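Engineer: The structure file final-v9.txt (compact mmCIF, C-alpha atoms and all ligand atoms) is provided below.
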```txt
# COMPACT_ATOMS: atom_id res chain seq x y z
CA MET A 1 0.00 0.00 0.00
CA VAL A 2 1.34 3.44 -0.85
CA ILE A 3 -0.09 6.94 -0.61
CA HIS A 4 1.39 8.79 -3.54
CA THR A 5 1.45 12.59 -3.72
CA ALA A 6 3.29 15.26 -5.73
CA PHE A 7 5.77 15.44 -2.84
CA CYS A 8 6.66 11.75 -3.32
CA GLU A 9 7.13 12.38 -7.03
CA LEU A 10 9.37 15.41 -6.48
CA LEU A 11 11.64 13.77 -3.91
CA GLY A 12 11.57 10.20 -5.14
CA VAL A 13 10.14 8.69 -1.96
CA GLU A 14 7.46 6.04 -1.58
CA HIS A 15 5.43 7.59 1.25
CA PRO A 16 4.75 11.27 2.09
CA ILE A 17 6.08 10.91 5.65
CA VAL A 18 9.13 12.87 6.80
CA LEU A 19 11.28 12.71 9.91
CA GLY A 20 12.03 16.33 10.86
CA GLY A 21 15.76 16.97 11.24
CA MET A 22 16.01 17.58 14.97
CA ALA A 23 19.28 19.05 16.21
CA GLY A 24 20.99 18.63 19.56
CA GLY A 25 21.30 14.85 19.37
CA HIS A 26 17.55 14.30 18.90
CA THR A 27 18.11 12.55 15.55
CA SER A 28 20.88 10.25 14.34
CA ALA A 29 22.07 8.50 11.19
CA PRO A 30 20.45 5.15 12.19
CA LEU A 31 17.08 6.82 12.85
CA ALA A 32 17.19 8.82 9.60
CA ALA A 33 18.19 5.73 7.61
CA ALA A 34 15.42 3.63 9.19
CA VAL A 35 12.75 6.10 8.06
CA SER A 36 14.21 6.35 4.55
CA GLU A 37 14.52 2.57 4.26
CA ALA A 38 10.81 2.28 5.16
CA GLY A 39 9.97 4.53 2.21
CA GLY A 40 9.63 7.83 4.08
CA LEU A 41 12.14 10.68 4.04
CA GLY A 42 14.54 10.33 6.96
CA GLY A 43 16.19 13.40 8.36
CA MET A 44 18.95 14.52 10.66
CA GLY A 45 19.40 17.85 12.42
CA ILE A 46 23.02 18.90 11.99
CA THR A 47 22.94 22.41 13.46
CA GLY A 48 25.77 22.83 15.93
CA LEU A 49 27.94 20.06 14.44
CA SER A 50 31.43 20.87 13.19
CA ALA A 51 32.23 20.61 9.47
CA GLY A 52 33.89 17.25 10.09
CA GLN A 53 30.89 15.94 12.04
CA VAL A 54 28.56 17.12 9.27
CA ARG A 55 30.58 15.11 6.72
CA GLU A 56 30.62 12.05 8.99
CA SER A 57 26.88 12.27 9.65
CA ILE A 58 25.96 12.44 5.98
CA ALA A 59 28.38 9.61 5.18
CA ALA A 60 26.84 7.51 7.98
CA ILE A 61 23.32 7.97 6.59
CA ARG A 62 24.57 7.10 3.10
CA ALA A 63 26.30 3.99 4.41
CA ALA A 64 22.98 2.80 5.88
CA THR A 65 20.62 3.62 3.01
CA ASP A 66 20.75 4.50 -0.65
CA LYS A 67 17.32 6.17 -0.43
CA PRO A 68 16.72 9.95 -0.26
CA PHE A 69 17.16 11.75 3.07
CA LEU A 70 17.41 15.32 4.38
CA VAL A 71 19.74 17.21 6.63
CA ASN A 72 18.42 20.23 8.52
CA PHE A 73 19.89 23.60 9.43
CA LEU A 74 18.46 26.12 11.88
CA LEU A 75 19.34 29.18 9.82
CA PHE A 76 20.03 31.64 12.63
CA LEU A 77 22.64 29.25 14.03
CA THR A 78 24.14 28.05 10.75
CA ALA A 79 27.94 28.28 10.63
CA GLU A 80 29.44 28.83 7.18
CA ASP A 81 32.03 26.04 7.40
CA ALA A 82 29.43 23.45 8.44
CA PHE A 83 27.06 24.59 5.69
CA ALA A 84 29.84 24.46 3.09
CA ALA A 85 30.73 20.93 4.25
CA ALA A 86 27.10 19.83 3.85
CA LEU A 87 27.00 21.26 0.32
CA GLU A 88 30.16 19.35 -0.61
CA GLU A 89 28.48 16.14 0.50
CA ALA A 90 25.46 16.99 -1.70
CA PRO A 91 22.61 15.47 0.35
CA PRO A 92 19.42 14.88 -1.66
CA VAL A 93 17.45 17.40 0.43
CA LEU A 94 18.46 20.37 2.59
CA SER A 95 15.80 21.60 4.96
CA PHE A 96 15.83 24.94 6.76
CA ALA A 97 13.92 26.66 9.53
CA TRP A 98 14.14 29.64 11.86
CA PRO A 99 16.01 32.36 9.97
CA ARG A 100 16.50 35.73 11.59
CA ARG A 101 13.96 38.18 10.18
CA ASP A 102 16.77 40.11 8.45
CA GLN A 103 18.56 37.01 7.13
CA GLU A 104 18.49 36.53 3.36
CA LEU A 105 17.27 33.07 2.36
CA GLY A 106 18.04 33.25 -1.37
CA PRO A 107 21.79 32.68 -1.11
CA TYR A 108 21.33 29.54 1.05
CA PHE A 109 18.69 28.08 -1.25
CA GLU A 110 20.67 28.89 -4.42
CA ARG A 111 23.79 27.21 -3.07
CA ALA A 112 21.71 24.16 -2.07
CA HIS A 113 20.24 23.96 -5.56
CA GLN A 114 23.68 24.33 -7.15
CA ALA A 115 24.80 21.37 -5.03
CA GLY A 116 21.94 19.35 -6.51
CA ALA A 117 19.74 19.35 -3.39
CA LYS A 118 16.04 20.05 -3.14
CA VAL A 119 15.15 22.73 -0.60
CA MET A 120 12.53 22.48 2.16
CA PHE A 121 11.61 25.47 4.32
CA MET A 122 9.54 25.30 7.51
CA ALA A 123 7.72 28.12 9.30
CA GLY A 124 4.61 28.69 11.38
CA GLU A 125 3.25 31.89 9.84
CA VAL A 126 1.91 32.69 6.39
CA ASP A 127 4.30 35.66 5.90
CA GLU A 128 7.29 33.52 6.76
CA VAL A 129 6.42 30.62 4.44
CA GLN A 130 5.82 33.13 1.64
CA ARG A 131 9.31 34.45 2.27
CA GLY A 132 10.64 30.90 1.84
CA ALA A 133 8.59 30.33 -1.31
CA GLU A 134 9.79 33.59 -2.87
CA ALA A 135 13.39 32.68 -2.10
CA GLY A 136 13.00 29.49 -4.16
CA ALA A 137 12.10 26.66 -1.76
CA ASP A 138 10.85 23.48 -3.47
CA VAL A 139 8.73 22.31 -0.53
CA ILE A 140 7.12 24.30 2.27
CA VAL A 141 6.45 22.91 5.74
CA ALA A 142 3.61 24.52 7.71
CA GLN A 143 4.43 24.02 11.38
CA GLY A 144 1.57 24.27 13.85
CA THR A 145 1.94 25.27 17.47
CA GLU A 146 0.94 21.78 18.67
CA GLY A 147 4.40 20.48 17.77
CA GLY A 148 7.36 19.77 19.99
CA GLY A 149 10.40 22.05 20.17
CA HIS A 150 10.40 25.58 18.78
CA VAL A 151 7.06 26.52 17.29
CA GLY A 152 4.91 29.58 16.61
CA TRP A 153 1.39 30.51 17.70
CA MET A 154 -0.85 29.24 14.92
CA ALA A 155 -2.55 25.85 15.21
CA SER A 156 -2.25 23.42 12.29
CA LEU A 157 -5.96 23.26 11.51
CA PRO A 158 -6.28 26.89 10.33
CA LEU A 159 -2.60 27.39 9.40
CA LEU A 160 -2.26 24.51 6.95
CA PRO A 161 -4.97 25.46 4.42
CA MET A 162 -3.86 29.11 4.65
CA VAL A 163 -0.31 28.09 3.76
CA VAL A 164 -1.50 25.75 0.97
CA ASP A 165 -3.37 28.67 -0.61
CA ALA A 166 -0.55 31.16 -0.05
CA VAL A 167 2.22 29.14 -1.74
CA ASN A 168 0.14 27.31 -4.35
CA PRO A 169 1.33 25.38 -6.43
CA LEU A 170 4.27 24.46 -4.17
CA PRO A 171 3.83 21.20 -2.24
CA VAL A 172 3.18 21.74 1.47
CA LEU A 173 3.84 19.35 4.35
CA ALA A 174 1.97 19.56 7.65
CA ALA A 175 3.98 19.48 10.88
CA GLY A 176 2.91 19.72 14.49
CA GLY A 177 0.65 17.37 16.39
CA ILE A 178 0.68 14.49 13.90
CA ALA A 179 1.49 11.02 15.19
CA ASP A 180 -0.70 8.53 13.33
CA GLY A 181 -2.57 7.74 10.12
CA ARG A 182 -5.55 9.85 11.19
CA GLY A 183 -3.26 12.88 11.28
CA LEU A 184 -1.85 12.02 7.84
CA ALA A 185 -5.33 11.62 6.32
CA ALA A 186 -6.49 14.90 7.91
CA ALA A 187 -3.43 16.75 6.61
CA LEU A 188 -4.06 15.44 3.09
CA ALA A 189 -7.69 16.54 3.36
CA LEU A 190 -6.52 20.04 4.30
CA GLY A 191 -4.44 20.23 1.14
CA ALA A 192 -1.04 19.01 2.34
CA GLN A 193 1.08 16.70 0.20
CA GLY A 194 2.48 14.92 3.24
CA VAL A 195 3.49 15.22 6.88
CA LEU A 196 6.63 15.91 8.88
CA LEU A 197 6.93 14.39 12.35
CA GLY A 198 9.16 15.02 15.33
CA THR A 199 7.79 13.72 18.62
CA ARG A 200 6.47 10.41 17.21
CA PHE A 201 9.91 9.46 15.90
CA LEU A 202 11.59 10.38 19.21
CA ALA A 203 9.69 7.45 20.72
CA THR A 204 11.10 4.71 18.50
CA GLU A 205 13.67 1.97 18.87
CA GLU A 206 16.29 3.77 16.78
CA SER A 207 15.79 7.17 18.42
CA PRO A 208 18.98 8.35 20.14
CA LEU A 209 17.00 9.75 23.10
CA HIS A 210 17.75 8.48 26.63
CA GLY A 211 15.38 5.66 27.62
CA ASN A 212 13.93 7.77 30.45
CA PHE A 213 13.01 10.52 27.98
CA LYS A 214 11.31 8.01 25.69
CA ALA A 215 9.41 6.67 28.71
CA ALA A 216 8.28 10.23 29.53
CA ILE A 217 6.73 10.55 26.05
CA LEU A 218 4.78 7.32 26.57
CA GLU A 219 3.67 8.49 30.00
CA SER A 220 2.51 11.91 28.69
CA ASP A 221 -1.18 12.42 28.04
CA GLY A 222 -0.37 15.35 25.74
CA HIS A 223 -2.02 17.87 28.08
CA ASP A 224 1.22 18.42 29.98
CA THR A 225 3.28 20.59 27.62
CA LEU A 226 3.97 24.30 27.96
CA LEU A 227 4.94 26.81 25.28
CA SER A 228 7.41 29.14 26.96
CA GLU A 229 10.74 30.92 26.78
CA ILE A 230 12.06 28.94 29.72
CA PRO A 231 14.24 26.43 27.80
CA ASP A 232 15.87 29.25 25.80
CA LEU A 233 16.38 31.53 28.80
CA ALA A 234 18.03 28.61 30.60
CA SER A 235 20.27 27.62 27.68
CA GLY A 236 21.12 31.26 26.98
CA LEU A 237 20.12 31.01 23.30
CA VAL A 238 17.91 33.79 21.99
CA TRP A 239 15.61 32.28 19.34
CA PRO A 240 14.35 34.57 16.53
CA GLY A 241 10.70 34.99 17.38
CA GLY A 242 9.80 31.53 18.62
CA MET A 243 9.11 29.84 21.90
CA ALA A 244 9.63 26.22 22.83
CA ARG A 245 7.03 23.58 23.59
CA ALA A 246 8.34 21.22 26.23
CA ARG A 247 6.95 18.87 28.85
CA ARG A 248 5.82 20.75 31.97
CA ASN A 249 8.17 18.82 34.26
CA VAL A 250 9.90 19.84 37.49
CA PHE A 251 12.38 22.04 35.58
CA ILE A 252 9.64 24.01 33.77
CA GLU A 253 7.46 24.29 36.89
CA ARG A 254 10.43 25.64 38.86
CA TRP A 255 10.81 28.66 36.55
CA ALA A 256 7.29 29.29 35.20
CA GLY A 257 6.32 32.81 36.29
CA ARG A 258 9.86 33.43 37.57
CA GLU A 259 11.57 34.12 34.26
CA TRP A 260 13.23 37.24 35.72
CA GLU A 261 14.94 35.03 38.29
CA LEU A 262 15.96 32.51 35.60
CA ARG A 263 17.71 35.31 33.70
CA ALA A 264 19.73 36.05 36.83
CA GLN A 265 20.51 32.35 37.39
CA GLN A 266 21.15 31.47 33.73
CA ALA A 267 24.65 30.01 34.06
CA ARG A 268 23.62 27.73 36.93
CA ALA A 269 20.41 26.70 35.17
CA ALA A 270 22.35 25.83 31.98
CA ARG A 271 24.79 23.70 33.98
CA GLU A 272 21.99 21.88 35.79
CA LEU A 273 20.13 21.26 32.55
CA ALA A 274 23.22 19.74 30.91
CA GLU A 275 23.79 17.50 33.94
CA ALA A 276 20.15 16.39 33.98
CA ARG A 277 20.27 15.60 30.30
CA GLU A 278 23.46 13.57 30.70
CA ALA A 279 21.95 11.64 33.63
CA GLY A 280 18.68 10.95 31.80
CA ASP A 281 16.79 12.89 34.48
CA ALA A 282 13.39 13.40 32.84
CA ASP A 283 12.18 15.69 35.63
CA ASN A 284 14.99 18.22 35.41
CA ALA A 285 16.03 18.22 31.72
CA THR A 286 14.23 20.02 28.87
CA LEU A 287 11.92 17.50 27.18
CA TYR A 288 10.80 18.98 23.89
CA THR A 289 7.55 17.16 23.12
CA GLY A 290 4.42 17.98 21.14
CA GLN A 291 0.80 17.64 22.22
CA ASP A 292 0.72 14.48 20.10
CA ALA A 293 2.68 12.76 22.88
CA GLY A 294 -0.82 11.87 24.11
CA LEU A 295 -1.21 9.68 21.00
CA ILE A 296 2.04 7.79 21.53
CA ASN A 297 1.94 4.63 23.61
CA ASP A 298 4.72 2.40 22.36
CA LEU A 299 8.33 2.31 21.13
CA PRO A 300 8.20 0.60 17.73
CA PRO A 301 10.99 0.56 15.14
CA ALA A 302 10.80 3.80 13.11
CA GLY A 303 9.94 1.88 9.95
CA GLU A 304 6.92 0.43 11.71
CA VAL A 305 5.66 3.97 12.42
CA VAL A 306 5.79 4.72 8.68
CA ARG A 307 4.04 1.47 7.73
CA ARG A 308 1.28 1.89 10.34
CA MET A 309 0.59 5.48 9.35
CA VAL A 310 0.25 4.56 5.69
CA GLU A 311 -2.05 1.62 6.45
CA GLU A 312 -4.30 3.64 8.74
CA ALA A 313 -4.50 6.68 6.46
CA ALA A 314 -5.11 4.53 3.38
CA GLN A 315 -7.99 2.73 5.11
CA LEU A 316 -9.56 6.06 6.05
CA LEU A 317 -9.14 7.57 2.61
CA GLU A 318 -10.20 4.47 0.69
CA SER A 319 -13.23 3.35 2.63
CA GLY A 320 -13.75 5.07 6.00
CA LEU A 321 -14.34 8.59 4.74
CA PRO A 322 -15.94 7.81 1.34
CA SER A 323 -18.51 5.65 3.17
CA LEU A 324 -19.81 8.84 4.85
CA VAL A 325 -20.84 10.43 1.56
CA ARG A 326 -24.42 9.88 0.36
CA ARG A 327 -26.03 11.18 -2.81
CA GLN A 328 -29.71 11.77 -2.08
C1 LIG A 401 13.37 17.65 20.23
C2 LIG A 401 13.04 18.44 19.01
C3 LIG A 401 14.06 19.09 18.31
C4 LIG A 401 13.77 19.78 17.13
N1 LIG A 401 14.81 20.36 16.42
C5 LIG A 401 14.53 20.92 15.22
C6 LIG A 401 15.61 21.41 14.39
O1 LIG A 401 16.78 21.34 14.74
N2 LIG A 401 15.28 21.94 13.20
C7 LIG A 401 13.98 22.02 12.75
O2 LIG A 401 13.76 22.50 11.64
N3 LIG A 401 12.96 21.59 13.52
C8 LIG A 401 13.21 21.04 14.72
N4 LIG A 401 12.17 20.55 15.48
C9 LIG A 401 10.77 20.69 15.00
C10 LIG A 401 10.39 19.52 14.09
O3 LIG A 401 11.04 19.68 12.86
C11 LIG A 401 8.86 19.48 13.81
O4 LIG A 401 8.44 20.68 13.23
C12 LIG A 401 8.01 19.21 15.03
O5 LIG A 401 8.59 18.24 15.85
C13 LIG A 401 6.63 18.75 14.59
O6 LIG A 401 5.77 18.55 15.66
P1 LIG A 401 5.57 17.12 16.41
O7 LIG A 401 6.70 17.09 17.39
O8 LIG A 401 4.25 17.26 17.03
O9 LIG A 401 5.67 16.05 15.40
C14 LIG A 401 12.43 19.87 16.67
C15 LIG A 401 11.41 19.22 17.38
C16 LIG A 401 11.69 18.50 18.53
C17 LIG A 401 10.57 17.80 19.24
```
Take the structure in the file and give it back as structure tokens.
Structural biologist:
Amino acid sequence: MVIHTAFCELLGVEHPIVLGGMAGGHTSAPLAAAVSEAGGLGGMGITGLSAGQVRESIAAIRAATDKPFLVNFLLFLTAEDAFAAALEEAPPVLSFAWPRRDQELGPYFERAHQAGAKVMFMAGEVDEVQRGAEAGADVIVAQGTEGGGHVGWMASLPLLPMVVDAVNPLPVLAAGGIADGRGLAAALALGAQGVLLGTRFLATEESPLHGNFKAAILESDGHDTLLSEIPDLASGLVWPGGMARARRNVFIERWAGREWELRAQQARAARELAEAREAGDADNATLYTGQDAGLINDLPPAGEVVRRMVEEAAQLLESGLPSLVRRQ
């Protein structure tokens, strides 16, 4: 069973399901390769890696799969030497998100195209995706506020069709809050050509996340996330116009409403966060998770996630939804 869209055609993949390139050790070559091998588009976040690590990461994905994959850059943090190294390796797809408002996108996209890569651009506002489309992106990702990590304010349900209309005829992927075949079918109904997932793939066998963090995703009912500046204030990284959705754990509760104090204690907070992360302390580390954590109850292989989503969405599109339509 396959669900074939213009996105699949453009990128040469079997299924319109993408693993978002999540930086900071949230994705890895084995996870990216597992998604690509299952017919989706695997991805790896390489922001913050050195030029040498970028080369090694792309080589590691290539060693594990000969299918298409993406590597992702957070534009406001992109170092020239790491970007140049990625271009030399010529990955099939380069995906970008979070530019500074005054950062020119055209030069990045042109260099990616010259290297033979397709360009994906993700944002959570209509103005921002239009900026990406005008700069020459091949695929636009509309990211709703339900998602894990850094997100904007708009929810997927209204945002997605607005973005589809705004960048028509470019293919659009839906991101944020999608974890199963129902989400895929809904996104297709709203005009998307596929979906991009973060949180769902964090809770898989191949995910590089600490076991305690995976367990926290399974435990979450999805109602326990908070969109705040707290993770960024603690890490000392000023994000261009976004906030972060993370699990409302002990760390978040400690600082919520006391951001002024967190600013004063930033160095200590950053140290404690790093220690908690290293120790797999799910109460005191930042756990970037989307509201869709409430839909995630197991730790399957990543390829199984792709297969299940396709099966479930295909059933809905083929018989479940058409059976509702009556001609009277
Ligand atoms: C832990 C984590 C790290 C992320 N890092 C990045 C990143 O480096 N670059 C990026 O474009 N998006 C990043 N994202 C956002 C994802 O690409 C995607 O938009 C989001 O996870 C979709 O929502 P979902 O988590 O509900 O699937 C990250 C998301 C998470 C959960």
Engineer: Expressed in Å to a single decimal, how great is the separation between CA of Pro231 (chain A) and CA of Met243 (chain A)?
Structural biologist: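 Separating CA of Pro231 (chain A) from CA of Met243 (chain A) is a distance of 8.5 Å.
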Engineer: Every residue with an atom at most 12 Å from (5.9, 30.1, -2.5) (file coordinates; all atoms listed in the file) is what I'm after, so could you write them as a PyMOL selection string?
Structural biologist: chain A and resi 119-122+126-142+163-172
Engineer: Mind running chain A against ligand LIG 401 (chain A) at 6 Å and telling me each contacting residue's nearest atom pair with the distance in Å (one decimal), counting only C-alpha atoms and all ligand atoms, chain and number ascending, as JSON lines?
Structural biologist:
```
{"residue": "A:Gly20", "atom": "CA", "partner": "A:LIG401", "partner_atom": "O3", "distance": 4.0}
{"residue": "A:Gly21", "atom": "CA", "partner": "A:LIG401", "partner_atom": "N2", "distance": 5.4}
{"residue": "A:Met22", "atom": "CA", "partner": "A:LIG401", "partner_atom": "N1", "distance": 3.4}
{"residue": "A:Ala23", "atom": "CA", "partner": "A:LIG401", "partner_atom": "O1", "distance": 3.7}
{"residue": "A:His26", "atom": "CA", "partner": "A:LIG401", "partner_atom": "C1", "distance": 5.5}
{"residue": "A:Gly45", "atom": "CA", "partner": "A:LIG401", "partner_atom": "O1", "distance": 4.9}
{"residue": "A:Asn72", "atom": "CA", "partner": "A:LIG401", "partner_atom": "N2", "distance": 5.9}
{"residue": "A:Leu74", "atom": "CA", "partner": "A:LIG401", "partner_atom": "N2", "distance": 5.4}
{"residue": "A:Phe96", "atom": "CA", "partner": "A:LIG401", "partner_atom": "O2", "distance": 5.8}
{"residue": "A:Ala97", "atom": "CA", "partner": "A:LIG401", "partner_atom": "O2", "distance": 4.7}
{"residue": "A:Gln143", "atom": "CA", "partner": "A:LIG401", "partner_atom": "O4", "distance": 5.5}
{"residue": "A:Glu146", "atom": "CA", "partner": "A:LIG401", "partner_atom": "O8", "distance": 5.8}
{"residue": "A:Gly147", "atom": "CA", "partner": "A:LIG401", "partner_atom": "O6", "distance": 3.2}
{"residue": "A:Gly148", "atom": "CA", "partner": "A:LIG401", "partner_atom": "O7", "distance": 3.8}
{"residue": "A:Gly149", "atom": "CA", "partner": "A:LIG401", "partner_atom": "C15", "distance": 4.1}
{"residue": "A:Ala175", "atom": "CA", "partner": "A:LIG401", "partner_atom": "C13", "distance": 4.6}
{"residue": "A:Gly176", "atom": "CA", "partner": "A:LIG401", "partner_atom": "O6", "distance": 3.3}
{"residue": "A:Gly177", "atom": "CA", "partner": "A:LIG401", "partner_atom": "O8", "distance": 3.7}
{"residue": "A:Ile178", "atom": "CA", "partner": "A:LIG401", "partner_atom": "O9", "distance": 5.4}
{"residue": "A:Leu197", "atom": "CA", "partner": "A:LIG401", "partner_atom": "O9", "distance": 3.7}
{"residue": "A:Gly198", "atom": "CA", "partner": "A:LIG401", "partner_atom": "O5", "distance": 3.3}
{"residue": "A:Thr199", "atom": "CA", "partner": "A:LIG401", "partner_atom": "O7", "distance": 3.7}
{"residue": "A:Arg200", "atom": "CA", "partner": "A:LIG401", "partner_atom": "O9", "distance": 6.0}
{"residue": "A:Tyr288", "atom": "CA", "partner": "A:LIG401", "partner_atom": "C1", "distance": 4.7}
{"residue": "A:Thr289", "atom": "CA", "partner": "A:LIG401", "partner_atom": "C17", "distance": 5.0}
{"residue": "A:Gly290", "atom": "CA", "partner": "A:LIG401", "partner_atom": "O8", "distance": 4.2}
{"residue": "A:Asp292", "atom": "CA", "partner": "A:LIG401", "partner_atom": "O8", "distance": 5.4}
```
Engineer: Give the answer as one residue: which of A:Ala264, A:Ala34, A:Leu299, A:Ile3 has the shortest atom-to-atom distance to Asp66 (chain A), using all atoms listed in the file?
Structural biologist: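 Using all atoms listed in the file, Asp66 (chain A) sits closest to A:Ala34.
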Engineer: So, counting all atoms listed in the file, which residue among A:Glu37, A:Glu88, A:Asp102, A:Glu125 is closest to Leu75 (chain A)?
Structural biologist: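 Distance minimum relative to Leu75 (chain A) lands on A:Asp102.
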Engineer: So, with only C-alpha atoms as the atoms that count, which of A:Leu70, A:Ala274, A:Gly116, A:Gln266 lies closest to Leu237 (chain A)?
Structural biologist: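 Ranking A:Leu70, A:Ala274, A:Gly116, A:Gln266 by distance to Leu237 (chain A), first place goes to A:Gln266.
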Engineer: Using only C-alpha atoms, list the residues that have an atom at most 9 Å from (25.3, 10.2, 8.4), coordinates as in the file, as a list in words.
Structural biologist: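 The distance filter leaves exactly Ser28, Ala29, Pro30, Ala32, Ala33, Met44, Gln53, Val54, Arg55, Glu56, Ser57, Ile58, Ala59, Ala60, Ile61, Arg62, Ala63 and Ala64 of chain A.
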Engineer: Write out, as a PDB file, keeping the file's coordinate frame, the residues just selected, with C-alpha atoms.
Structural biologist:
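Written file, again35.pdb:
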```pdb
ATOM      1  CA  SER A  28      20.880  10.250  14.340  1.00  0.00           C
ATOM      2  CA  ALA A  29      22.070   8.500  11.190  1.00  0.00           C
ATOM      3  CA  PRO A  30      20.450   5.150  12.190  1.00  0.00           C
ATOM      4  CA  ALA A  32      17.190   8.820   9.600  1.00  0.00           C
ATOM      5  CA  ALA A  33      18.190   5.730   7.610  1.00  0.00           C
ATOM      6  CA  MET A  44      18.950  14.520  10.660  1.00  0.00           C
ATOM      7  CA  GLN A  53      30.890  15.940  12.040  1.00  0.00           C
ATOM      8  CA  VAL A  54      28.560  17.120   9.270  1.00  0.00           C
ATOM      9  CA  ARG A  55      30.580  15.110   6.720  1.00  0.00           C
ATOM     10  CA  GLU A  56      30.620  12.050   8.990  1.00  0.00           C
ATOM     11  CA  SER A  57      26.880  12.270   9.650  1.00  0.00           C
ATOM     12  CA  ILE A  58      25.960  12.440   5.980  1.00  0.00           C
ATOM     13  CA  ALA A  59      28.380   9.610   5.180  1.00  0.00           C
ATOM     14  CA  ALA A  60      26.840   7.510   7.980  1.00  0.00           C
ATOM     15  CA  ILE A  61      23.320   7.970   6.590  1.00  0.00           C
ATOM     16  CA  ARG A  62      24.570   7.100   3.100  1.00  0.00           C
ATOM     17  CA  ALA A  63      26.300   3.990   4.410  1.00  0.00           C
ATOM     18  CA  ALA A  64      22.980   2.800   5.880  1.00  0.00           C
TER      19      ALA A  64
END
```
Engineer: Would you mind writing region 281-295 of chain A with N, CA and C atoms, as a short mmCIF file (atom, residue, chain, number, x, y, z; two decimals), in the frame of the given file?
Structural biologist:
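Saved to selection_32.cif:
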```cif
data_model
loop_
_atom_site.label_atom_id
_atom_site.label_comp_id
_atom_site.auth_asym_id
_atom_site.auth_seq_id
_atom_site.Cartn_x
_atom_site.Cartn_y
_atom_site.Cartn_z
N ASP A 281 17.74 12.46 33.45
CA ASP A 281 16.79 12.89 34.48
C ASP A 281 15.61 13.61 33.81
N ALA A 282 14.52 12.87 33.61
CA ALA A 282 13.39 13.40 32.84
C ALA A 282 12.63 14.50 33.58
N ASP A 283 12.85 14.63 34.89
CA ASP A 283 12.18 15.69 35.63
C ASP A 283 12.89 17.03 35.48
N ASN A 284 14.21 16.98 35.33
CA ASN A 284 14.99 18.22 35.41
C ASN A 284 15.69 18.62 34.11
N ALA A 285 15.49 17.84 33.04
CA ALA A 285 16.03 18.22 31.72
C ALA A 285 14.90 18.84 30.89
N THR A 286 15.27 19.53 29.78
CA THR A 286 14.23 20.02 28.87
C THR A 286 13.77 18.85 28.01
N LEU A 287 12.47 18.56 28.04
CA LEU A 287 11.92 17.50 27.18
C LEU A 287 11.03 18.15 26.15
N TYR A 288 11.57 18.36 24.96
CA TYR A 288 10.80 18.98 23.89
C TYR A 288 9.81 17.95 23.35
N THR A 289 8.54 18.11 23.65
CA THR A 289 7.55 17.16 23.12
C THR A 289 6.31 17.93 22.67
N GLY A 290 5.64 17.37 21.64
CA GLY A 290 4.42 17.98 21.14
C GLY A 290 3.19 17.45 21.87
N GLN A 291 2.05 18.09 21.60
CA GLN A 291 0.80 17.64 22.22
C GLN A 291 0.44 16.23 21.76
N ASP A 292 0.98 15.83 20.61
CA ASP A 292 0.72 14.48 20.10
C ASP A 292 1.37 13.41 20.96
N ALA A 293 2.15 13.78 21.96
CA ALA A 293 2.68 12.76 22.88
C ALA A 293 1.53 11.95 23.47
N GLY A 294 0.35 12.58 23.59
CA GLY A 294 -0.82 11.87 24.11
C GLY A 294 -1.34 10.78 23.18
N LEU A 295 -0.81 10.73 21.95
CA LEU A 295 -1.21 9.68 21.00
C LEU A 295 -0.17 8.57 20.91
#
```
